[in-house]
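J.: Here it is, the structure, as structure tokens.
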Amino acid sequence: MKTLHDTRLLFWRKMMETLRNPIYIIISMLTPVIYLLLFSPLLKKLTIPGYSSKDILNLFVPGLLVIVAFLSGLFVGYNMIDEVKNGVIERFRVTPVSRFALLAGRVLRDLTNTLVIVVFFTLIAIPFGFHVHILGYLVLLILVALLLITTSSFGNALGLILKDEDRLSPIVQGINLPIILLSGMLLPMVLAPTWLQVVAHFNPAYYAVVAGRLLVAGHVFQAQVGEAFLFMVPLAAVVVIWATKAFNNALS
Amino acid sequence: MAKPVVLTKDLKKYFSGKRGVVKAVDGVNLSVPGGEIFGFLGPNGAGKTTTLRMLATLMDPTSGSITIAGFDTAKQPDEVRRHIGYVGQNGGSDRPATGVENLILQGRLYGMSDQEAKERAQELIKLLQLDDFSDRIVYTYSGGQRRRLDVAIGIMHRPDVLFLDEPTVGLDPQNRANLWKEIIKLKEVGVTIFITTHYMEEADVLSDRLTIIDQGKIVAEGTPKTLKKAVGGDCISISIEKQDELGNKLIELLKKEDYTQQVLQDSGYIKTYVKNDAAAVTQFMKLIDQQKIKLRSIVITEPSLDDVFLKKTGYSLRDKDIEGDK
């Protein structure tokens with residue numbers, strides 16, 4: 001009960017921040033649109049097994065949704081560092097507030113923002129030739145949410161532990177590119193040599209992208225979809241527990 | 001004396017670093033009575049903030065115990081948290097929110113209803129004179145305004161004790177004096193205040209009771225008045241010509257005089273603490289005359305907390321701070 005109460009209060013604290021400055025979310029909305037306009041035309045002439053040039057967006061859009069979620073979570077550490085430096089986190093840690101709520105309030109705000117961006121982007125992509133299977137898409141949203149919860153918790157905890165932008169940057173930048181390339185978001189991993197495909201299986205975004213492509217086509221009960229959940233649920237749980245611990249531990 | 005609000009027993013915090021163990025806090029015993037302003041004075045790196053962070057449940061001690069408002073910080077941290085307010089060195093107000101929002105959120109995190117929190121916020125806005133800016137986003141505040149909001153946030157839930165960690169660092173003299181007034185006002189409405197500072201003027205003006213810490217250990221405690229009195233009478237600081245040659249000899253001679261309590265060298269000055277005796281200064285001047293010493297300057301001051309510190313540790317709080325800032 002108390003955890004829920006605290007989470008709600010802290011969620012609205014962060015949400016007010018977003019609502020006061022919607023410019024950030026508007027900029028975030030532009031990124032996928034730019035991909036759609038400047039990158040997706042390149043795909044038209046590509047021949048990829050299983051996809052005709054007409055439904056090429058069904059290959060591209062699920063990947064992009066997953067990556068949007070991945071990145072929105074990964075970079076939240078900067079905002080966390082800002083709050084650490086202004087003593088905000090310390091102020092909350094001196095109160096009897098639930099430590100889980102300290103994390104959850106932030107993650108839920110990030111989740112809300114991300115879902116708004118993802119849905120907005122989906123709607124934009126439909127006139128460009130993206131066709132979705134509703135049930136499959138809803139399951140995809142759950143996967144996207146799981147991924148965001150994981151990366152946002154990870155990003156927040158990282159900011160809390162490192163407390164310094166100069167130490168955070170190399171880590172998030174270092175993770176960023178390999179995750180994107182190995183997710184198969186730009187080009188499907190089917191085209192990759194075996195060793196690359198093996199490496200990709202350690203990438204949570206890879207599972208989400210593979211499952212996402214099946215889901216938008218309506219293949220909800222496929223093995224790869226199950227695999228994605230099997231990988232993402234425990235990962236999200238472990239990261240959330242670890243991040244809550246970071247709020248709990250005394251940090252100097 | 002009232003029952004102590006804060007009580008520590010042999011409190012220690014050791015950090016193991018690359019160059020061995022650092023004893024940041026090394027056996028500190030504190031007893032803070034309710035209703036007073038308790039000053040915790042020491043140079044940068046003396047262990048003030050580390051101690052405070054342990055008191056505020058932000059850090060576990062290596063050993064020793066802390067009791068606040070009757071609760072043990074190790075066993076009942078949440079109970080302790082309900083009874084303390086804390087304003088860290090970096091403040092704590094949320095910049096993208098307004099002052100009122102900050103206050104209400106704080107109240108609600110302590111379990112107040114929305115209505116209660118709003119009323120209490122208005123009370124504090126009045127008390128700390130935040131009216132002019134409490135509806136603005138904190139980003140727009142000046143340093144002094146933000147500090148006052150930080151303090152208001154710290155006492156939103158009516159804590160038994162408010163911890164202030166170096167509250168006036170970075171404020172200009174006018175804002176500093178203003179904040180002092182506000183802190184005294186809080187005491188008058190019944191808040192017990194535990195304040196760390198490395199400014200001795202601040203400790204002198206604010207503290208009812210004072211503890212001086214250096215290198216993790218307590219070196220002196222008492223009221224500012226008794227501490228200064230214990231140093232003795234006035235302090236005669238002189239600088240003389242040919243100090244390198246004549247200084248040591250003069251110090252030896254001064255030490256033999258009846259009226260002398262202690263002679264110290266401090267940043268180019270020879271400081272003689274004399275007994276409470278009006279004749280002491282005359283006799284002192286006579287000696288200077290006899291020795292045919294030419295004075296460059298002479299200043300006679302009543303003892304300050306810096307003198308207390310100098311006497312207890314052998315170096316000046318001022319010098320140490322300059323070192324610390326490097």
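If you're wondering about the labels, chains in the structure tokens are A, B, ... by order shown, residues count from 1 in each chain, ligands from 1 in order shown.
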Could you list the residues in chain A lying within 12 Å of chain B, using only C-alpha atoms, and format the result as an mmCIF file with N, CA and C atoms, in the first residue's frame?

T.:
data_model
loop_
_atom_site.group_PDB
_atom_site.id
_atom_site.type_symbol
_atom_site.label_atom_id
_atom_site.label_comp_id
_atom_site.auth_asym_id
_atom_site.auth_seq_id
_atom_site.Cartn_x
_atom_site.Cartn_y
_atom_site.Cartn_z
ATOM 1 N N MET A 1 0.828 -1.201 0.000
ATOM 2 C CA MET A 1 0.000 0.000 0.000
ATOM 3 C C MET A 1 0.860 1.248 0.000
ATOM 4 N N LYS A 2 1.784 1.281 0.955
ATOM 5 C CA LYS A 2 2.652 2.447 1.081
ATOM 6 C C LYS A 2 3.516 2.593 -0.180
ATOM 7 N N THR A 3 3.984 1.422 -0.677
ATOM 8 C CA THR A 3 4.796 1.449 -1.881
ATOM 9 C C THR A 3 4.012 2.051 -3.041
ATOM 10 N N LEU A 4 2.742 1.656 -3.135
ATOM 11 C CA LEU A 4 1.887 2.150 -4.209
ATOM 12 C C LEU A 4 1.672 3.655 -4.082
ATOM 13 N N HIS A 5 1.377 4.073 -2.851
ATOM 14 C CA HIS A 5 1.155 5.487 -2.529
ATOM 15 C C HIS A 5 2.397 6.315 -2.904
ATOM 16 N N ASP A 6 3.554 5.846 -2.465
ATOM 17 C CA ASP A 6 4.796 6.565 -2.750
ATOM 18 C C ASP A 6 5.109 6.588 -4.246
ATOM 19 N N THR A 7 4.857 5.440 -4.890
ATOM 20 C CA THR A 7 5.135 5.361 -6.326
ATOM 21 C C THR A 7 4.298 6.374 -7.100
ATOM 22 N N ARG A 8 3.027 6.476 -6.695
ATOM 23 C CA ARG A 8 2.127 7.401 -7.377
ATOM 24 C C ARG A 8 2.624 8.847 -7.217
ATOM 25 N N LEU A 9 3.011 9.198 -5.995
ATOM 26 C CA LEU A 9 3.500 10.559 -5.749
ATOM 27 C C LEU A 9 4.747 10.858 -6.591
ATOM 28 N N LEU A 10 5.660 9.890 -6.614
ATOM 29 C CA LEU A 10 6.924 10.127 -7.299
ATOM 30 C C LEU A 10 6.763 10.046 -8.817
ATOM 31 N N PHE A 11 5.778 9.255 -9.264
ATOM 32 C CA PHE A 11 5.474 9.212 -10.687
ATOM 33 C C PHE A 11 4.989 10.588 -11.147
ATOM 34 N N TRP A 12 4.083 11.186 -10.364
ATOM 35 C CA TRP A 12 3.531 12.484 -10.767
ATOM 36 C C TRP A 12 4.561 13.597 -10.688
ATOM 37 N N ARG A 13 5.501 13.457 -9.761
ATOM 38 C CA ARG A 13 6.585 14.440 -9.707
ATOM 39 C C ARG A 13 7.313 14.475 -11.055
ATOM 40 N N LYS A 14 7.655 13.280 -11.569
ATOM 41 C CA LYS A 14 8.399 13.221 -12.836
ATOM 42 C C LYS A 14 7.486 13.552 -14.020
ATOM 43 N N MET A 15 6.231 13.132 -13.911
ATOM 44 C CA MET A 15 5.305 13.365 -15.024
ATOM 45 C C MET A 15 5.057 14.863 -15.220
ATOM 46 N N MET A 16 4.971 15.590 -14.109
ATOM 47 C CA MET A 16 4.788 17.046 -14.195
ATOM 48 C C MET A 16 5.945 17.680 -14.954
ATOM 49 N N GLU A 17 7.127 17.118 -14.718
ATOM 50 C CA GLU A 17 8.323 17.598 -15.400
ATOM 51 C C GLU A 17 8.133 17.465 -16.918
ATOM 52 N N THR A 18 7.644 16.307 -17.346
ATOM 53 C CA THR A 18 7.410 16.070 -18.767
ATOM 54 C C THR A 18 6.348 17.019 -19.313
ATOM 55 N N LEU A 19 5.243 17.148 -18.560
ATOM 56 C CA LEU A 19 4.126 17.955 -19.048
ATOM 57 C C LEU A 19 4.498 19.434 -19.119
ATOM 58 N N ARG A 20 5.372 19.875 -18.217
ATOM 59 C CA ARG A 20 5.793 21.274 -18.238
ATOM 60 C C ARG A 20 6.702 21.557 -19.419
ATOM 61 N N ASN A 21 7.434 20.534 -19.813
ATOM 62 C CA ASN A 21 8.406 20.713 -20.891
ATOM 63 C C ASN A 21 8.184 19.682 -21.985
ATOM 64 N N ASN A 79 19.704 12.318 -16.406
ATOM 65 C CA ASN A 79 18.755 13.036 -15.563
ATOM 66 C C ASN A 79 18.939 12.641 -14.098
ATOM 67 N N MET A 80 19.231 11.367 -13.902
ATOM 68 C CA MET A 80 19.466 10.896 -12.539
ATOM 69 C C MET A 80 20.676 11.596 -11.920
ATOM 70 N N ASP A 82 21.857 14.466 -12.625
ATOM 71 C CA ASP A 82 21.453 15.832 -12.329
ATOM 72 C C ASP A 82 20.787 15.900 -10.949
ATOM 73 N N GLU A 83 19.914 14.962 -10.692
ATOM 74 C CA GLU A 83 19.201 14.973 -9.408
ATOM 75 C C GLU A 83 20.111 14.576 -8.250
ATOM 76 N N VAL A 84 21.048 13.674 -8.512
ATOM 77 C CA VAL A 84 22.015 13.319 -7.467
ATOM 78 C C VAL A 84 22.812 14.564 -7.097
ATOM 79 N N LYS A 85 23.249 15.294 -8.113
ATOM 80 C CA LYS A 85 24.077 16.471 -7.850
ATOM 81 C C LYS A 85 23.315 17.578 -7.132
ATOM 82 N N ASN A 86 22.022 17.665 -7.371
ATOM 83 C CA ASN A 86 21.225 18.686 -6.682
ATOM 84 C C ASN A 86 20.702 18.221 -5.326
ATOM 85 N N GLY A 87 21.132 17.032 -4.915
ATOM 86 C CA GLY A 87 20.747 16.548 -3.585
ATOM 87 C C GLY A 87 19.335 16.002 -3.493
ATOM 88 N N VAL A 88 18.643 15.910 -4.643
ATOM 89 C CA VAL A 88 17.241 15.485 -4.611
ATOM 90 C C VAL A 88 17.116 14.034 -4.134
ATOM 91 N N ILE A 89 18.000 13.190 -4.650
ATOM 92 C CA ILE A 89 17.929 11.770 -4.294
ATOM 93 C C ILE A 89 18.245 11.582 -2.814
ATOM 94 N N GLU A 90 19.249 12.305 -2.348
ATOM 95 C CA GLU A 90 19.609 12.225 -0.941
ATOM 96 C C GLU A 90 18.436 12.668 -0.066
ATOM 97 N N ARG A 91 17.804 13.750 -0.497
ATOM 98 C CA ARG A 91 16.638 14.252 0.246
ATOM 99 C C ARG A 91 15.574 13.163 0.386
ATOM 100 N N PHE A 92 15.307 12.446 -0.694
ATOM 101 C CA PHE A 92 14.290 11.391 -0.626
ATOM 102 C C PHE A 92 14.773 10.212 0.206
ATOM 103 N N ARG A 93 16.059 9.939 0.136
ATOM 104 C CA ARG A 93 16.564 8.772 0.864
ATOM 105 C C ARG A 93 16.552 8.985 2.374
ATOM 106 N N VAL A 94 16.488 10.243 2.813
ATOM 107 C CA VAL A 94 16.392 10.500 4.251
ATOM 108 C C VAL A 94 14.956 10.333 4.746
ATOM 109 N N THR A 95 13.994 10.373 3.829
ATOM 110 C CA THR A 95 12.600 10.159 4.229
ATOM 111 C C THR A 95 12.325 8.650 4.301
ATOM 112 N N PRO A 96 11.240 8.258 4.983
ATOM 113 C CA PRO A 96 10.941 6.819 5.049
ATOM 114 C C PRO A 96 10.307 6.277 3.760
ATOM 115 N N VAL A 97 10.431 6.985 2.655
ATOM 116 C CA VAL A 97 9.809 6.569 1.402
ATOM 117 C C VAL A 97 10.329 5.193 0.955
ATOM 118 N N SER A 98 9.450 4.430 0.329
ATOM 119 C CA SER A 98 9.829 3.104 -0.162
ATOM 120 C C SER A 98 10.933 3.234 -1.210
ATOM 121 N N ARG A 99 11.982 2.430 -1.058
ATOM 122 C CA ARG A 99 13.131 2.520 -1.985
ATOM 123 C C ARG A 99 12.727 2.032 -3.375
ATOM 124 N N ALA A 101 9.798 2.470 -4.628
ATOM 125 C CA ALA A 101 9.022 3.559 -5.222
ATOM 126 C C ALA A 101 9.936 4.626 -5.827
ATOM 127 N N LEU A 102 11.087 4.825 -5.217
ATOM 128 C CA LEU A 102 12.041 5.801 -5.750
ATOM 129 C C LEU A 102 12.416 5.441 -7.185
ATOM 130 N N PHE A 247 19.277 2.045 -4.773
ATOM 131 C CA PHE A 247 18.642 3.131 -4.022
ATOM 132 C C PHE A 247 18.737 2.882 -2.520
ATOM 133 N N ASN A 248 18.769 1.613 -2.165
ATOM 134 C CA ASN A 248 18.761 1.248 -0.759
ATOM 135 C C ASN A 248 20.129 1.402 -0.115
ATOM 136 N N ASN A 249 21.149 1.053 -0.890
ATOM 137 C CA ASN A 249 22.493 1.067 -0.330
ATOM 138 C C ASN A 249 22.950 2.475 -0.014
ATOM 139 N N ALA A 250 23.700 2.576 1.020
ATOM 140 C CA ALA A 250 24.292 3.866 1.351
ATOM 141 C C ALA A 250 25.329 4.204 0.297
ATOM 142 N N LEU A 251 25.124 5.349 -0.325
ATOM 143 C CA LEU A 251 26.092 5.786 -1.326
ATOM 144 C C LEU A 251 26.828 6.987 -0.761
ATOM 145 N N SER A 252 28.099 6.981 -0.923
ATOM 146 C CA SER A 252 28.850 8.085 -0.328
ATOM 147 C C SER A 252 28.739 9.328 -1.181
#

J.: May I have the residues within 12 Å of Lys9 (chain B) as JSON, numbers by chain, using only C-alpha atoms and disregarding those fewer than 3 positions away in the same chain?

T.: {"B": [6, 12, 25, 26, 27, 28, 29, 30, 31, 51, 55, 61, 63, 64, 65, 66, 67, 68, 72]}

J.: Please save C-alpha atoms of the selected residues as a PDB file, in the first residue's frame.

T.:
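For reference, again-v7.pdb as written:
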ATOM      1  CA  VAL B   6      20.780  12.799  19.342  1.00  0.00           C
ATOM      2  CA  LYS B  12      33.468   5.290  13.958  1.00  0.00           C
ATOM      3  CA  VAL B  25      35.276   9.478  12.090  1.00  0.00           C
ATOM      4  CA  ASP B  26      37.163   7.998  14.993  1.00  0.00           C
ATOM      5  CA  GLY B  27      35.273   7.531  18.232  1.00  0.00           C
ATOM      6  CA  VAL B  28      32.811  10.408  18.354  1.00  0.00           C
ATOM      7  CA  ASN B  29      30.484  10.783  21.336  1.00  0.00           C
ATOM      8  CA  LEU B  30      27.762  13.364  20.960  1.00  0.00           C
ATOM      9  CA  SER B  31      24.820  14.345  23.097  1.00  0.00           C
ATOM     10  CA  THR B  51      29.186  11.957  10.878  1.00  0.00           C
ATOM     11  CA  LEU B  55      23.148  10.344  11.777  1.00  0.00           C
ATOM     12  CA  PRO B  61      28.860   3.325  10.791  1.00  0.00           C
ATOM     13  CA  SER B  63      31.130   0.677  14.677  1.00  0.00           C
ATOM     14  CA  GLY B  64      29.415   2.507  17.489  1.00  0.00           C
ATOM     15  CA  SER B  65      25.772   3.376  17.973  1.00  0.00           C
ATOM     16  CA  ILE B  66      23.415   6.245  17.217  1.00  0.00           C
ATOM     17  CA  THR B  67      20.146   6.928  18.990  1.00  0.00           C
ATOM     18  CA  ILE B  68      17.849   9.632  17.667  1.00  0.00           C
ATOM     19  CA  ASP B  72      18.465   3.214  17.056  1.00  0.00           C
TER      20      ASP B  72
END

J.: Running DSSP on the backbone, which parts of region 4-250 of chain A land in helix (DSSP H, G or I), as a PyMOL selection string?

T.: chain A and resi 4-20+23-38+40-43+57-74+77-85+88-94+99-128+134-162+165-182+189-191+194-200+204-216+223-248

J.: Write out as a ChimeraX atom specification each polymer residue whose atoms come within 7 Å of region 226-229 of chain A, counting only C-alpha atoms; drop sequence neighbours fewer than 4 positions from it.

T.: /A:207-208,211,222,233

J.: Write out, as a PDB file, in the first residue's frame, the residues just selected, with N, CA and C atoms.

T.:
ATOM      1  N   TYR A 207      15.886 -10.324 -29.263  1.00  0.00           N
ATOM      2  CA  TYR A 207      14.695 -11.154 -29.064  1.00  0.00           C
ATOM      3  C   TYR A 207      13.435 -10.358 -29.335  1.00  0.00           C
ATOM      4  N   ALA A 208      13.449  -9.101 -28.841  1.00  0.00           N
ATOM      5  CA  ALA A 208      12.260  -8.260 -28.996  1.00  0.00           C
ATOM      6  C   ALA A 208      12.015  -7.932 -30.468  1.00  0.00           C
ATOM      7  N   ALA A 211      10.748 -11.182 -32.280  1.00  0.00           N
ATOM      8  CA  ALA A 211       9.361 -11.434 -31.884  1.00  0.00           C
ATOM      9  C   ALA A 211       8.442 -10.364 -32.443  1.00  0.00           C
ATOM     10  N   GLN A 222       4.084 -18.113 -31.651  1.00  0.00           N
ATOM     11  CA  GLN A 222       5.294 -18.669 -32.251  1.00  0.00           C
ATOM     12  C   GLN A 222       6.349 -18.902 -31.170  1.00  0.00           C
ATOM     13  N   VAL A 233      11.521 -11.438 -19.302  1.00  0.00           N
ATOM     14  CA  VAL A 233      10.908 -11.334 -17.971  1.00  0.00           C
ATOM     15  C   VAL A 233      11.942 -11.503 -16.853  1.00  0.00           C
TER      16      VAL A 233
END

J.: What is the CA of Phe39 (chain A) to CA of Leu64 (chain A) distance in Å?

T.: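 CA of Phe39 (chain A) sits 11.1 Å away from CA of Leu64 (chain A).
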
J.: Would you mind writing down, as a ChimeraX atom specification, each residue of region 116-262 of chain B that DSSP on the backbone assigns to strand (DSSP E)?

T.: /B:161-165,192-197,209-214,217-222,235-240,260-262

J.: Write a file of the selected residues as a PDB file, in the first residue's frame, keeping C-alpha atoms.

T.:
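Dumped to part17.pdb:
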ATOM      1  CA  VAL B 161      15.855  17.471  14.915  1.00  0.00           C
ATOM      2  CA  LEU B 162      16.894  19.238  11.730  1.00  0.00           C
ATOM      3  CA  PHE B 163      20.330  18.450  10.336  1.00  0.00           C
ATOM      4  CA  LEU B 164      21.899  21.234   8.302  1.00  0.00           C
ATOM      5  CA  ASP B 165      25.101  20.404   6.477  1.00  0.00           C
ATOM      6  CA  THR B 192      16.279  21.374  17.525  1.00  0.00           C
ATOM      7  CA  ILE B 193      19.008  22.134  15.022  1.00  0.00           C
ATOM      8  CA  PHE B 194      22.240  20.285  14.363  1.00  0.00           C
ATOM      9  CA  ILE B 195      24.412  22.379  12.099  1.00  0.00           C
ATOM     10  CA  THR B 196      27.821  21.553  10.643  1.00  0.00           C
ATOM     11  CA  THR B 197      30.035  24.384   9.521  1.00  0.00           C
ATOM     12  CA  ARG B 209      26.440  24.352  22.321  1.00  0.00           C
ATOM     13  CA  LEU B 210      29.380  23.508  20.179  1.00  0.00           C
ATOM     14  CA  THR B 211      31.581  20.561  19.381  1.00  0.00           C
ATOM     15  CA  ILE B 212      34.823  20.974  17.520  1.00  0.00           C
ATOM     16  CA  ILE B 213      36.064  18.059  15.446  1.00  0.00           C
ATOM     17  CA  ASP B 214      39.403  17.543  13.783  1.00  0.00           C
ATOM     18  CA  LYS B 217      38.114  13.167  16.725  1.00  0.00           C
ATOM     19  CA  ILE B 218      36.387  15.626  19.011  1.00  0.00           C
ATOM     20  CA  VAL B 219      38.872  18.179  20.285  1.00  0.00           C
ATOM     21  CA  ALA B 220      36.625  20.469  22.303  1.00  0.00           C
ATOM     22  CA  GLU B 221      33.035  20.883  23.419  1.00  0.00           C
ATOM     23  CA  GLY B 222      31.001  23.389  25.388  1.00  0.00           C
ATOM     24  CA  CYS B 235      45.324  37.448  22.514  1.00  0.00           C
ATOM     25  CA  ILE B 236      48.143  39.789  21.527  1.00  0.00           C
ATOM     26  CA  SER B 237      49.218  39.119  17.955  1.00  0.00           C
ATOM     27  CA  ILE B 238      52.404  40.829  16.817  1.00  0.00           C
ATOM     28  CA  SER B 239      54.653  40.720  13.851  1.00  0.00           C
ATOM     29  CA  ILE B 240      58.161  42.096  14.362  1.00  0.00           C
ATOM     30  CA  THR B 260      51.512  34.443  29.722  1.00  0.00           C
ATOM     31  CA  GLN B 261      49.232  31.493  29.219  1.00  0.00           C
ATOM     32  CA  GLN B 262      50.447  30.268  25.885  1.00  0.00           C
TER      33      GLN B 262
END

J.: Of the candidates B:Ser134, B:Ser316, B:Ser16, B:Thr98, which one gets nearest to Ser267 (chain B) if we count only C-alpha atoms?

T.: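 So, comparing all the options, the nearest one is B:Ser316.
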
J.: Excluding same-chain residues fewer than 6 positions from Ile126 (chain A), what lies within 10 Å of it counting only C-alpha atoms, as a ChimeraX atom specification?

T.: /A:57-58,61,132

J.: Show me, as a list in words, the residues that have an atom within 7 Å of Ser207 (chain B) when counting only C-alpha atoms, minus same-chain residues fewer than 4 positions from it.

T.: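 The neighbour list is Ile37, Phe38, Gly39 and Ala203 of chain B.
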
J.: Could the residues of region 96-141 of chain A that have an atom at most 9 Å from region 145-160 of chain A be listed as a tab-separated table, each with its closest atom pair and the distance in Å to one decimal, counting only C-alpha atoms and ordered by chain and ascending residue number?

T.:
residue	atom	partner	partner_atom	distance
A:Leu103	CA	A:Ser153	CA	7.1
A:Ala104	CA	A:Ser153	CA	8.3
A:Arg106	CA	A:Ser152	CA	8.3
A:Val107	CA	A:Ser152	CA	5.9
A:Leu108	CA	A:Ile149	CA	7.9
A:Asp110	CA	A:Ser152	CA	7.1
A:Leu111	CA	A:Leu148	CA	6.4
A:Thr114	CA	A:Leu148	CA	7.8
A:Leu115	CA	A:Ala145	CA	7.6
A:Leu140	CA	A:Ala145	CA	8.5
A:Leu141	CA	A:Ala145	CA	6.0

J.: Quick one: everything within 8 Å of Leu215 (chain A), counting only C-alpha atoms, minus sequence neighbours fewer than 3 positions away in the same chain. Send it as a ChimeraX atom specification.

T.: /A:133,136-137,139-140,211-212,218-220,225

J.: Find the residues near Val33 (chain A): any atom within 12 Å, counting only C-alpha atoms, skip ones fewer than 2 places away on the same chain, and give them as a PyMOL selection string.

T.: chain A and resi 26-31+35-40+61+64-65+68+117-118+120-125+128

J.: Distance CA of Gly77 (chain A)-CA of Asp135 (chain B), one decimal place?

T.: 28.4 Å

J.: Point out the residue among B:Gly107, B:Gly70, B:Gly232, B:Gly247 with the least atom-to-atom distance to Gly268 (chain B), counting only C-alpha atoms.

T.: B:Gly247
